[in-house]
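Engineer: Before I ask anything, let me first share the structure, which is written out below as structure tokens.
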Amino acid sequence: MTAVIDDVRTEALFVSDLQRSQQPTAEVIREAVTAMVARLGEARCAELVAQEFGEHPDCAPDRMRWARSAIRLAFA
């Protein structure tokens with residue numbers, strides 16, 4: 001179950017406006033995830049991730065790696 005929750009959180013962070021270059025704190029990451037899930041819902045976050053991978057396959061994997069890493073740290 002934890003893996004599923006982490007996936008939802010990762011997708012929400014991925015589609016958020018936060019950028020790695022902002023060096024967001026764990027608190028900012030948690031707030032962004034909560035806001036995105038509340039605003040878009042889990043399914044829409046997943047749809048937007050898929051769309052981004054289709055439209056920007058060169059950039060999306062790096063952002064996904066960052067999002068996964070940031071989620072692990074923010075929700076440790």
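Here's how to read the names in the structure tokens: chain A, B, ... by the order shown, residue numbers from 1 in each chain, ligand numbers from 1 in the order shown.
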May I have the residues within 10 Å of stretch 63-75 of chain A as a ChimeraX atom specification, using only C-alpha atoms and disregarding those fewer than 5 positions away in the same chain?
Structural biologist: /A:6-7,9-16,18-20,23-30,33,49,53,58
Engineer: Convert the current residue selection to file output with N, CA and C atoms, as a compact mmCIF listing (two decimals), in the first residue's frame.
Structural biologist:
```
# COMPACT_ATOMS: atom_id res chain seq x y z
N ASP A 6 3.04 6.32 -2.41
CA ASP A 6 4.22 7.02 -2.91
C ASP A 6 4.10 7.34 -4.39
N ASP A 7 3.50 6.44 -5.16
CA ASP A 7 3.29 6.70 -6.58
C ASP A 7 2.36 7.89 -6.79
N ARG A 9 1.79 10.34 -4.70
CA ARG A 9 2.51 11.53 -4.26
C ARG A 9 3.53 11.97 -5.31
N THR A 10 4.23 11.02 -5.89
CA THR A 10 5.23 11.32 -6.91
C THR A 10 4.57 11.96 -8.13
N GLU A 11 3.47 11.41 -8.56
CA GLU A 11 2.76 11.97 -9.71
C GLU A 11 2.27 13.38 -9.41
N ALA A 12 1.77 13.60 -8.20
CA ALA A 12 1.28 14.93 -7.83
C ALA A 12 2.43 15.94 -7.82
N LEU A 13 3.56 15.54 -7.29
CA LEU A 13 4.72 16.44 -7.29
C LEU A 13 5.20 16.69 -8.71
N PHE A 14 5.23 15.66 -9.51
CA PHE A 14 5.65 15.77 -10.90
C PHE A 14 4.85 16.83 -11.65
N VAL A 15 3.54 16.86 -11.44
CA VAL A 15 2.69 17.81 -12.18
C VAL A 15 2.55 19.16 -11.49
N SER A 16 3.15 19.30 -10.32
CA SER A 16 3.10 20.58 -9.62
C SER A 16 4.03 21.59 -10.28
N LEU A 18 6.38 23.12 -8.63
CA LEU A 18 7.68 23.12 -7.96
C LEU A 18 8.78 22.66 -8.90
N GLN A 19 9.93 23.26 -8.76
CA GLN A 19 11.09 22.91 -9.57
C GLN A 19 12.24 22.50 -8.66
N ARG A 20 13.04 21.59 -9.14
CA ARG A 20 14.22 21.15 -8.40
C ARG A 20 15.11 22.34 -8.07
N GLN A 23 14.92 24.15 -4.82
CA GLN A 23 15.35 23.42 -3.63
C GLN A 23 14.28 23.47 -2.54
N PRO A 24 13.08 22.97 -2.87
CA PRO A 24 11.98 23.05 -1.90
C PRO A 24 12.24 22.19 -0.66
N THR A 25 11.79 22.67 0.46
CA THR A 25 11.91 21.93 1.71
C THR A 25 10.90 20.79 1.71
N ALA A 26 11.06 19.90 2.66
CA ALA A 26 10.12 18.78 2.80
C ALA A 26 8.71 19.30 3.04
N GLU A 27 8.59 20.35 3.83
CA GLU A 27 7.27 20.91 4.11
C GLU A 27 6.63 21.48 2.85
N VAL A 28 7.39 22.17 2.04
CA VAL A 28 6.87 22.74 0.79
C VAL A 28 6.44 21.62 -0.16
N ILE A 29 7.22 20.56 -0.21
CA ILE A 29 6.89 19.41 -1.07
C ILE A 29 5.58 18.78 -0.60
N ARG A 30 5.44 18.55 0.70
CA ARG A 30 4.21 17.96 1.23
C ARG A 30 3.00 18.84 0.92
N VAL A 33 2.11 18.56 -2.83
CA VAL A 33 1.46 17.27 -3.11
C VAL A 33 0.01 17.31 -2.66
N VAL A 49 0.87 13.16 -16.00
CA VAL A 49 2.21 12.56 -16.07
C VAL A 49 2.37 11.83 -17.41
N PHE A 53 5.07 12.67 -20.46
CA PHE A 53 6.02 11.70 -21.02
C PHE A 53 5.84 11.59 -22.53
N ASP A 58 12.13 13.66 -23.50
CA ASP A 58 13.52 14.00 -23.18
C ASP A 58 13.67 14.56 -21.76
```
Engineer: If you count only C-alpha atoms, which residues fall within 9 Å of A:Glu42, apart from same-chain ones fewer than 2 positions away, as a VMD selection string?
Structural biologist: chain A and resid 8 to 9 11 to 12 36 to 38 40 44 to 47
Engineer: For those residues, write N, CA, C and O atoms to a file as a PDB file, in the first residue's frame.
Structural biologist:
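Resulting contents of part.pdb:
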```pdb
ATOM      1  N   VAL A   8       1.283   7.952  -6.049  1.00  0.00           N
ATOM      2  CA  VAL A   8       0.339   9.071  -6.159  1.00  0.00           C
ATOM      3  C   VAL A   8       1.039  10.374  -5.777  1.00  0.00           C
ATOM      4  O   VAL A   8       0.908  11.391  -6.466  1.00  0.00           O
ATOM      5  N   ARG A   9       1.785  10.337  -4.702  1.00  0.00           N
ATOM      6  CA  ARG A   9       2.510  11.533  -4.258  1.00  0.00           C
ATOM      7  C   ARG A   9       3.526  11.975  -5.313  1.00  0.00           C
ATOM      8  O   ARG A   9       3.656  13.172  -5.594  1.00  0.00           O
ATOM      9  N   GLU A  11       3.470  11.407  -8.560  1.00  0.00           N
ATOM     10  CA  GLU A  11       2.762  11.971  -9.712  1.00  0.00           C
ATOM     11  C   GLU A  11       2.266  13.381  -9.411  1.00  0.00           C
ATOM     12  O   GLU A  11       2.356  14.266 -10.265  1.00  0.00           O
ATOM     13  N   ALA A  12       1.766  13.598  -8.205  1.00  0.00           N
ATOM     14  CA  ALA A  12       1.278  14.927  -7.826  1.00  0.00           C
ATOM     15  C   ALA A  12       2.428  15.938  -7.815  1.00  0.00           C
ATOM     16  O   ALA A  12       2.275  17.062  -8.297  1.00  0.00           O
ATOM     17  N   MET A  36      -2.057  19.549  -5.011  1.00  0.00           N
ATOM     18  CA  MET A  36      -2.293  19.000  -6.348  1.00  0.00           C
ATOM     19  C   MET A  36      -3.321  17.871  -6.316  1.00  0.00           C
ATOM     20  O   MET A  36      -4.186  17.795  -7.186  1.00  0.00           O
ATOM     21  N   VAL A  37      -3.238  17.005  -5.326  1.00  0.00           N
ATOM     22  CA  VAL A  37      -4.213  15.912  -5.226  1.00  0.00           C
ATOM     23  C   VAL A  37      -5.602  16.485  -4.952  1.00  0.00           C
ATOM     24  O   VAL A  37      -6.589  16.030  -5.541  1.00  0.00           O
ATOM     25  N   ALA A  38      -5.670  17.501  -4.108  1.00  0.00           N
ATOM     26  CA  ALA A  38      -6.963  18.117  -3.811  1.00  0.00           C
ATOM     27  C   ALA A  38      -7.525  18.821  -5.050  1.00  0.00           C
ATOM     28  O   ALA A  38      -8.732  18.764  -5.310  1.00  0.00           O
ATOM     29  N   LEU A  40      -6.610  18.377  -8.434  1.00  0.00           N
ATOM     30  CA  LEU A  40      -6.771  17.583  -9.657  1.00  0.00           C
ATOM     31  C   LEU A  40      -7.325  16.191  -9.426  1.00  0.00           C
ATOM     32  O   LEU A  40      -7.921  15.607 -10.326  1.00  0.00           O
ATOM     33  N   ARG A  44      -6.316  12.394 -12.434  1.00  0.00           N
ATOM     34  CA  ARG A  44      -5.886  13.476 -13.329  1.00  0.00           C
ATOM     35  C   ARG A  44      -4.380  13.704 -13.228  1.00  0.00           C
ATOM     36  O   ARG A  44      -3.732  13.992 -14.238  1.00  0.00           O
ATOM     37  N   CYS A  45      -3.818  13.574 -12.032  1.00  0.00           N
ATOM     38  CA  CYS A  45      -2.357  13.684 -11.885  1.00  0.00           C
ATOM     39  C   CYS A  45      -1.682  12.626 -12.753  1.00  0.00           C
ATOM     40  O   CYS A  45      -0.728  12.927 -13.480  1.00  0.00           O
ATOM     41  N   ALA A  46      -2.166  11.403 -12.692  1.00  0.00           N
ATOM     42  CA  ALA A  46      -1.593  10.313 -13.488  1.00  0.00           C
ATOM     43  C   ALA A  46      -1.735  10.603 -14.982  1.00  0.00           C
ATOM     44  O   ALA A  46      -0.797  10.359 -15.758  1.00  0.00           O
ATOM     45  N   GLU A  47      -2.875  11.118 -15.391  1.00  0.00           N
ATOM     46  CA  GLU A  47      -3.088  11.459 -16.804  1.00  0.00           C
ATOM     47  C   GLU A  47      -2.090  12.513 -17.273  1.00  0.00           C
ATOM     48  O   GLU A  47      -1.543  12.412 -18.373  1.00  0.00           O
TER      49      GLU A  47
END
```
Engineer: Apply DSSP to the structure's backbone, then extract all residues of chain A labelled alpha helix (DSSP H) and return them as a ChimeraX atom specification.
Structural biologist: /A:2-15,26-40,42-55,60-74
Engineer: Nearest to A:Glu31 among A:Ala3, A:Asp62, A:Asp17, A:Glu55, with distances taken over only C-alpha atoms: which residue is it?
Structural biologist: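 The answer is A:Asp17, which sits nearest to A:Glu31.
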Engineer: Please indicate the distance in Å from atom CA of A:His56 to atom CA of A:Gly41, rounded to one decimal place.
Structural biologist: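 If I compute the distance from atom CA of A:His56 to atom CA of A:Gly41, I get 22.3 Å.
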Engineer: Distance atom CA of A:Pro57-atom CA of A:Ala76, one decimal place?
Structural biologist: 28.8 Å
